[in-house]
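Peer 1: Data: start_37.cif, mmCIF, C-alpha atoms.
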```cif
data_coords
loop_
_atom_site.label_atom_id
_atom_site.label_comp_id
_atom_site.auth_asym_id
_atom_site.auth_seq_id
_atom_site.Cartn_x
_atom_site.Cartn_y
_atom_site.Cartn_z
CA MET F 1 -8.32 26.28 38.11
CA THR F 2 -6.04 29.19 39.11
CA ALA F 3 -7.77 32.35 40.30
CA ARG F 4 -7.31 35.17 37.78
CA TRP F 5 -8.66 37.93 39.99
CA THR F 6 -8.58 38.69 43.70
CA ILE F 7 -11.50 38.79 46.09
CA PRO F 8 -11.29 39.78 49.77
CA PRO F 9 -9.70 37.16 52.05
CA GLU F 10 -12.40 35.01 53.66
CA ALA F 11 -15.07 36.75 51.59
CA VAL F 12 -18.64 35.76 52.36
CA VAL F 13 -20.23 34.50 49.16
CA LEU F 14 -23.90 33.64 48.62
CA ILE F 15 -24.78 31.50 45.61
CA THR F 16 -28.38 30.68 44.77
CA GLY F 17 -29.22 27.49 42.92
CA ALA F 18 -26.09 25.90 44.38
CA ARG F 19 -27.25 22.28 44.42
CA GLN F 20 -26.00 21.44 40.94
CA GLY F 21 -24.53 22.72 37.69
CA ILE F 22 -22.96 26.17 37.58
CA GLY F 23 -24.01 26.97 41.14
CA ARG F 24 -22.33 23.90 42.55
CA HIS F 25 -19.15 24.56 40.59
CA LEU F 26 -18.93 28.14 41.83
CA ALA F 27 -19.68 27.19 45.43
CA VAL F 28 -17.01 24.49 45.54
CA GLU F 29 -14.41 26.62 43.76
CA TYR F 30 -14.84 29.63 46.03
CA ALA F 31 -14.73 27.45 49.14
CA LYS F 32 -11.45 25.92 47.93
CA ARG F 33 -10.05 29.45 47.61
CA GLY F 34 -10.87 30.21 51.24
CA ALA F 35 -14.19 32.00 50.88
CA ARG F 36 -17.02 31.36 53.30
CA VAL F 37 -19.80 30.14 51.04
CA VAL F 38 -23.52 29.89 51.65
CA GLY F 39 -25.48 28.08 48.97
CA CYS F 40 -29.21 27.67 48.69
CA SER F 41 -31.64 25.71 46.55
CA ARG F 42 -35.08 24.20 46.87
CA THR F 43 -33.78 20.74 47.78
CA GLU F 44 -30.79 19.42 49.69
CA PRO F 45 -27.65 18.64 47.66
CA ASP F 46 -26.19 15.13 47.50
CA TRP F 47 -22.69 16.47 48.11
CA SER F 48 -20.75 18.43 50.71
CA GLU F 49 -17.64 20.57 50.65
CA PRO F 50 -15.66 22.10 53.54
CA GLY F 51 -16.43 25.79 53.66
CA VAL F 52 -19.85 25.49 52.01
CA GLU F 53 -23.04 25.78 54.03
CA HIS F 54 -26.28 24.92 52.27
CA LEU F 55 -29.76 26.18 53.09
CA THR F 56 -33.00 24.85 51.67
CA ALA F 57 -34.81 27.84 50.24
CA ASP F 58 -36.90 28.86 47.24
CA VAL F 59 -35.78 32.28 46.01
CA GLY F 60 -39.23 32.77 44.49
CA LYS F 61 -40.59 33.07 48.04
CA GLU F 62 -39.79 36.35 49.75
CA ALA F 63 -39.80 34.82 53.23
CA ASP F 64 -37.21 32.24 52.16
CA VAL F 65 -34.90 34.92 50.77
CA GLN F 66 -35.20 36.94 53.96
CA ARG F 67 -34.47 33.82 56.03
CA VAL F 68 -31.29 33.17 54.03
CA MET F 69 -30.12 36.75 54.51
CA SER F 70 -30.91 36.58 58.21
CA HIS F 71 -28.73 33.47 58.45
CA VAL F 72 -25.86 35.20 56.63
CA ARG F 73 -26.18 38.26 58.87
CA SER F 74 -26.20 36.29 62.12
CA ARG F 75 -23.54 33.82 61.01
CA PHE F 76 -21.02 36.20 59.41
CA GLY F 77 -22.22 39.77 59.96
CA GLN F 78 -21.44 40.67 56.36
CA LEU F 79 -21.97 39.71 52.74
CA ASP F 80 -19.38 40.40 50.05
CA ILE F 81 -20.52 38.62 46.89
CA VAL F 82 -23.87 37.33 45.62
CA VAL F 83 -24.29 35.18 42.53
CA ASN F 84 -27.91 34.93 41.44
CA ASN F 85 -27.66 31.62 39.65
CA ALA F 86 -31.02 30.04 40.52
CA GLY F 87 -33.19 29.81 37.45
CA ILE F 88 -35.60 27.64 35.52
CA ALA F 89 -36.28 27.42 31.80
CA ALA F 90 -39.27 26.72 29.59
CA MET F 91 -38.35 25.71 26.07
CA ASN F 92 -41.61 25.66 24.16
CA HIS F 93 -43.14 27.67 21.35
CA ALA F 94 -45.02 30.67 22.75
CA LEU F 95 -48.31 29.25 21.43
CA LEU F 96 -47.75 26.14 23.52
CA THR F 97 -46.73 27.91 26.72
CA PRO F 98 -49.53 28.24 29.29
CA ASN F 99 -49.66 31.11 31.77
CA ALA F 100 -48.85 28.72 34.60
CA THR F 101 -45.47 27.96 33.02
CA LEU F 102 -44.77 31.62 32.36
CA GLU F 103 -45.62 32.55 35.94
CA ARG F 104 -43.36 29.81 37.31
CA VAL F 105 -40.41 31.02 35.20
CA LEU F 106 -40.95 34.66 36.13
CA GLN F 107 -41.36 33.85 39.82
CA THR F 108 -37.95 32.22 40.08
CA ASN F 109 -35.94 34.11 37.47
CA VAL F 110 -37.29 37.62 37.97
CA VAL F 111 -38.97 37.83 41.38
CA GLY F 112 -36.32 35.60 42.96
CA THR F 113 -33.43 37.58 41.53
CA PHE F 114 -35.06 40.90 42.45
CA ALA F 115 -35.69 39.85 46.05
CA THR F 116 -32.19 38.42 46.48
CA CYS F 117 -30.58 41.58 45.07
CA ARG F 118 -32.72 43.79 47.32
CA GLU F 119 -32.07 41.89 50.53
CA ALA F 120 -28.37 41.40 49.76
CA ALA F 121 -27.95 45.14 49.12
CA LYS F 122 -29.43 45.94 52.53
CA LEU F 123 -26.68 43.87 54.11
CA MET F 124 -23.89 45.07 51.82
CA MET F 125 -24.60 48.80 52.02
CA LYS F 126 -23.61 48.98 55.69
CA ARG F 127 -19.99 48.23 54.71
CA LYS F 128 -20.10 50.34 51.52
CA ARG F 129 -18.95 47.39 49.44
CA GLY F 130 -20.52 44.52 47.55
CA ARG F 131 -20.62 42.57 44.33
CA ILE F 132 -23.84 41.28 42.81
CA ILE F 133 -23.57 39.05 39.74
CA ASN F 134 -26.76 37.94 38.00
CA LEU F 135 -26.97 35.07 35.53
CA THR F 136 -28.63 35.72 32.19
CA THR F 137 -28.32 33.84 28.87
CA VAL F 138 -27.31 34.18 25.22
CA ALA F 139 -30.95 33.35 24.45
CA VAL F 140 -31.63 37.08 24.94
CA PRO F 141 -29.41 38.59 22.22
CA LEU F 142 -29.97 35.62 19.91
CA ALA F 143 -33.77 35.87 20.34
CA LEU F 144 -33.98 32.08 20.31
CA GLU F 145 -37.17 30.54 19.03
CA GLY F 146 -38.92 28.33 21.57
CA GLU F 147 -37.53 30.26 24.52
CA ALA F 148 -39.93 33.21 24.72
CA ALA F 149 -40.71 32.83 28.43
CA TYR F 150 -37.12 32.08 29.44
CA ALA F 151 -35.57 34.84 27.31
CA ALA F 152 -38.18 37.36 28.46
CA SER F 153 -37.43 36.57 32.10
CA LYS F 154 -33.70 37.00 31.55
CA SER F 155 -34.26 40.24 29.65
CA ALA F 156 -35.95 41.48 32.79
CA VAL F 157 -32.93 40.38 34.82
CA GLU F 158 -30.65 42.37 32.52
CA THR F 159 -32.75 45.51 32.89
CA LEU F 160 -32.83 44.97 36.64
CA THR F 161 -29.03 44.70 36.58
CA ARG F 162 -28.64 48.04 34.81
CA VAL F 163 -31.13 49.89 37.02
CA LEU F 164 -29.67 48.51 40.24
CA ALA F 165 -26.19 49.54 39.11
CA PHE F 166 -27.38 53.17 39.33
CA GLU F 167 -29.42 52.72 42.49
CA LEU F 168 -26.67 50.92 44.42
CA GLY F 169 -23.52 52.57 43.06
CA ALA F 170 -23.49 55.19 45.81
CA TYR F 171 -23.19 52.38 48.36
CA GLY F 172 -20.11 50.84 46.74
CA ILE F 173 -22.12 47.94 45.33
CA THR F 174 -21.59 46.87 41.73
CA VAL F 175 -24.21 44.90 39.80
CA ASN F 176 -23.31 43.01 36.63
CA ALA F 177 -24.57 40.02 34.67
CA VAL F 178 -23.02 37.03 32.92
CA GLY F 179 -24.80 35.32 30.02
CA PRO F 180 -23.48 31.80 29.38
CA SER F 181 -23.80 29.97 26.09
CA PRO F 182 -25.07 26.35 26.20
CA ILE F 183 -23.33 24.35 28.94
CA ASP F 184 -23.88 20.70 29.86
CA THR F 185 -26.24 21.10 32.82
CA ASN F 186 -29.64 19.72 33.78
CA LEU F 187 -31.11 22.86 32.21
CA THR F 188 -29.85 21.87 28.75
CA ARG F 189 -29.87 18.07 28.86
CA GLY F 190 -33.50 17.95 27.84
CA VAL F 191 -32.84 20.09 24.76
CA PRO F 192 -32.34 18.19 21.46
CA LYS F 193 -28.68 18.14 20.45
CA ASP F 194 -29.44 19.56 17.02
CA LYS F 195 -31.04 22.62 18.62
CA LEU F 196 -28.02 23.16 20.88
CA LYS F 197 -25.74 22.87 17.85
CA LYS F 198 -27.73 25.55 16.02
CA ILE F 199 -27.25 27.88 18.99
CA VAL F 200 -23.50 27.22 19.14
CA ASP F 201 -23.22 27.77 15.39
CA ARG F 202 -24.55 31.32 15.88
CA LEU F 203 -21.77 32.22 18.32
CA ALA F 204 -18.50 33.86 17.35
CA ILE F 205 -16.63 31.04 19.12
CA LYS F 206 -18.32 27.85 18.03
CA ARG F 207 -18.05 25.49 20.97
CA ASP F 208 -20.01 24.61 24.07
CA GLY F 209 -19.35 26.68 27.15
CA THR F 210 -17.75 25.24 30.30
CA PHE F 211 -18.07 25.86 34.01
CA ASP F 212 -14.59 27.40 33.95
CA ASP F 213 -15.72 29.90 31.29
CA VAL F 214 -18.49 31.08 33.59
CA GLN F 215 -16.16 31.04 36.59
CA ALA F 216 -13.71 33.37 34.84
CA ALA F 217 -16.41 35.94 34.10
CA VAL F 218 -17.90 35.76 37.60
CA ASP F 219 -14.40 36.01 39.10
CA PHE F 220 -13.77 39.25 37.24
CA PHE F 221 -17.03 40.93 38.24
CA ALA F 222 -16.55 39.75 41.84
CA SER F 223 -12.98 40.95 42.08
CA ASP F 224 -11.41 43.99 43.68
CA GLN F 225 -10.14 44.96 40.22
CA ALA F 226 -13.73 45.42 38.94
CA SER F 227 -14.72 48.09 41.45
CA PHE F 228 -15.37 50.64 38.66
CA ILE F 229 -17.37 48.28 36.44
CA THR F 230 -21.11 48.06 36.93
CA GLY F 231 -24.33 47.71 34.96
CA GLN F 232 -22.66 45.49 32.36
CA VAL F 233 -23.89 42.31 30.69
CA LEU F 234 -21.19 39.94 29.44
CA TYR F 235 -22.31 37.26 26.99
CA LEU F 236 -19.98 34.29 26.62
CA GLY F 237 -19.01 32.91 23.24
CA GLY F 238 -19.62 36.14 21.34
CA ALA F 239 -23.41 36.15 21.12
#
```
For the structure just supplied, provide its representation as structure tokens.
Peer 2:
Amino acid sequence: MTARWTIPPEAVVLITGARQGIGRHLAVEYAKRGARVVGCSRTEPDWSEPGVEHLTADVGKEADVQRVMSHVRSRFGQLDIVVNNAGIAAMNHALLTPNATLERVLQTNVVGTFATCREAAKLMMKRKRGRIINLTTVAVPLALEGEAAYAASKSAVETLTRVLAFELGAYGITVNAVGPSPIDTNLTRGVPKDKLKKIVDRLAIKRDGTFDDVQAAVDFFASDQASFITGQVLYLGGA
């Protein structure tokens, strides 16, 4: 894939949930472009790529997030781009969703994203530059049945994105969000195909999303050209 937008040479990029799916794709792609990439996830990946370092960390645990940032600080002394990709879903009717499931989803998707944004901003603000890109979902605008916990958590991420855009703008840090449509990842493979088709049928562009679709949106928000764009949520597929 050819880069559409420019990011700083040898940019330091942190990607959460980098073991598989979208996170893995982004980590490998940015490393191939010359970025210095740090990925993290709760378990070790079964792959390696020159230019990608991987840390075992659970973003839902504050101490783990702080440990990751400490590594980035000591290793590189800066942080240019953060992609908050780590997330978990719960696809059950609200009446069948116990509090334990809701708390698990919120801990990773909301608390984890909040903590990563906060700690990343502390490192970025010293250089008066930074890009934070959060992952949300088309389940929010489509108000998808059976995804109350997941959609609620991502709604919180979107509000966080908008608020942080105002709080961090003075430090040269932009905060935006990308909301993919269904993509073939572990997150969606357990969803019945007929349900995925119903979601796609509600989009303006009626096809499954791809890793490259997400990459293009993340590239734009991460780029030098997007320095005046912040607090925005971009849904893919026309949700």
Peer 1: Would you kindly return, as JSON, numbers by chain, each protein, DNA or RNA residue with an atom no farther than 9 Å from any atom of Trp5 in chain F, considering all atoms listed in the file and excluding same-chain residues fewer than 4 positions away?
Peer 2: {"F": [216, 219, 220, 222, 223, 224, 225]}
Peer 1: Between F:Gly209, F:Gly34, F:Arg24, F:Asn109, single out the one closest to Asp46 in chain F, counting all atoms listed in the file.
Peer 2: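 Selected residue with least distance to Asp46 in chain F: F:Arg24.
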Peer 1: Give me, as a ChimeraX atom specification, all polymer residues having an atom no more than 7 Å from Leu14 in chain F, counting only C-alpha atoms and skipping those fewer than 2 positions away in the same chain.
Peer 2: /F:12,16,37-39,81-83
Peer 1: Near Ala57 in chain F, within 8 Å and counting all atoms listed in the file, which residues show up once chain neighbours fewer than 5 positions away are dropped, as a list in words?
Peer 2: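 Near Ala57 in chain F, the qualifying residues are Cys40, Ser41, Arg42, Thr43, Asp64, Val65 and Val68 of chain F.
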Peer 1: Fewer than 4 positions away in the same chain doesn't count, so skip those; otherwise give me all residues within 7 Å of range 129-143 of chain F, counting all atoms listed in the file, as a ChimeraX atom specification.
Peer 2: /F:80-85,124-125,151,154-155,157-158,171-181,218,221-222,235,239
Peer 1: Mind filling out range 26-50 of chain F with N, CA and C atoms and sending it as a compact mmCIF listing (two decimals), in the frame of the given file?
Peer 2:
```txt
# COMPACT_ATOMS: atom_id res chain seq x y z
N LEU F 26 -19.38 26.89 41.22
CA LEU F 26 -18.93 28.14 41.83
C LEU F 26 -18.77 28.00 43.34
N ALA F 27 -19.73 27.35 43.98
CA ALA F 27 -19.68 27.19 45.43
C ALA F 27 -18.44 26.42 45.86
N VAL F 28 -18.17 25.32 45.20
CA VAL F 28 -17.01 24.49 45.54
C VAL F 28 -15.71 25.24 45.27
N GLU F 29 -15.64 25.91 44.12
CA GLU F 29 -14.41 26.62 43.76
C GLU F 29 -14.09 27.74 44.74
N TYR F 30 -15.10 28.54 45.11
CA TYR F 30 -14.84 29.63 46.03
C TYR F 30 -14.47 29.12 47.43
N ALA F 31 -15.08 28.03 47.84
CA ALA F 31 -14.73 27.45 49.14
C ALA F 31 -13.28 26.98 49.13
N LYS F 32 -12.84 26.38 48.03
CA LYS F 32 -11.45 25.92 47.93
C LYS F 32 -10.47 27.09 48.00
N ARG F 33 -10.92 28.27 47.58
CA ARG F 33 -10.05 29.45 47.61
C ARG F 33 -10.08 30.15 48.98
N GLY F 34 -10.85 29.63 49.90
CA GLY F 34 -10.87 30.21 51.24
C GLY F 34 -12.06 31.09 51.55
N ALA F 35 -12.98 31.21 50.62
CA ALA F 35 -14.19 32.00 50.88
C ALA F 35 -15.12 31.24 51.81
N ARG F 36 -15.98 31.97 52.47
CA ARG F 36 -17.02 31.36 53.30
C ARG F 36 -18.31 31.40 52.48
N VAL F 37 -18.74 30.24 52.05
CA VAL F 37 -19.80 30.14 51.04
C VAL F 37 -21.10 29.65 51.65
N VAL F 38 -22.17 30.35 51.32
CA VAL F 38 -23.52 29.89 51.65
C VAL F 38 -24.23 29.64 50.32
N GLY F 39 -24.72 28.42 50.15
CA GLY F 39 -25.48 28.08 48.97
C GLY F 39 -26.92 27.82 49.36
N CYS F 40 -27.82 28.00 48.42
CA CYS F 40 -29.21 27.67 48.69
C CYS F 40 -29.86 27.12 47.44
N SER F 41 -30.83 26.25 47.63
CA SER F 41 -31.64 25.71 46.55
C SER F 41 -32.87 25.08 47.18
N ARG F 42 -33.81 24.68 46.34
CA ARG F 42 -35.08 24.20 46.87
C ARG F 42 -34.99 22.82 47.51
N THR F 43 -33.97 22.05 47.17
CA THR F 43 -33.78 20.74 47.78
C THR F 43 -32.34 20.58 48.25
N GLU F 44 -32.13 19.65 49.15
CA GLU F 44 -30.79 19.42 49.69
C GLU F 44 -29.88 18.83 48.62
N PRO F 45 -28.60 19.23 48.61
CA PRO F 45 -27.65 18.64 47.66
C PRO F 45 -27.23 17.26 48.10
N ASP F 46 -26.70 16.47 47.17
CA ASP F 46 -26.19 15.13 47.50
C ASP F 46 -24.67 15.16 47.62
N TRP F 47 -24.12 16.32 47.97
CA TRP F 47 -22.69 16.47 48.11
C TRP F 47 -22.41 17.45 49.25
N SER F 48 -21.17 17.46 49.70
CA SER F 48 -20.75 18.43 50.71
C SER F 48 -19.33 18.85 50.41
N GLU F 49 -18.97 20.03 50.89
CA GLU F 49 -17.64 20.57 50.65
C GLU F 49 -17.27 21.43 51.85
N PRO F 50 -16.08 21.23 52.44
CA PRO F 50 -15.66 22.10 53.54
C PRO F 50 -15.73 23.57 53.12
```
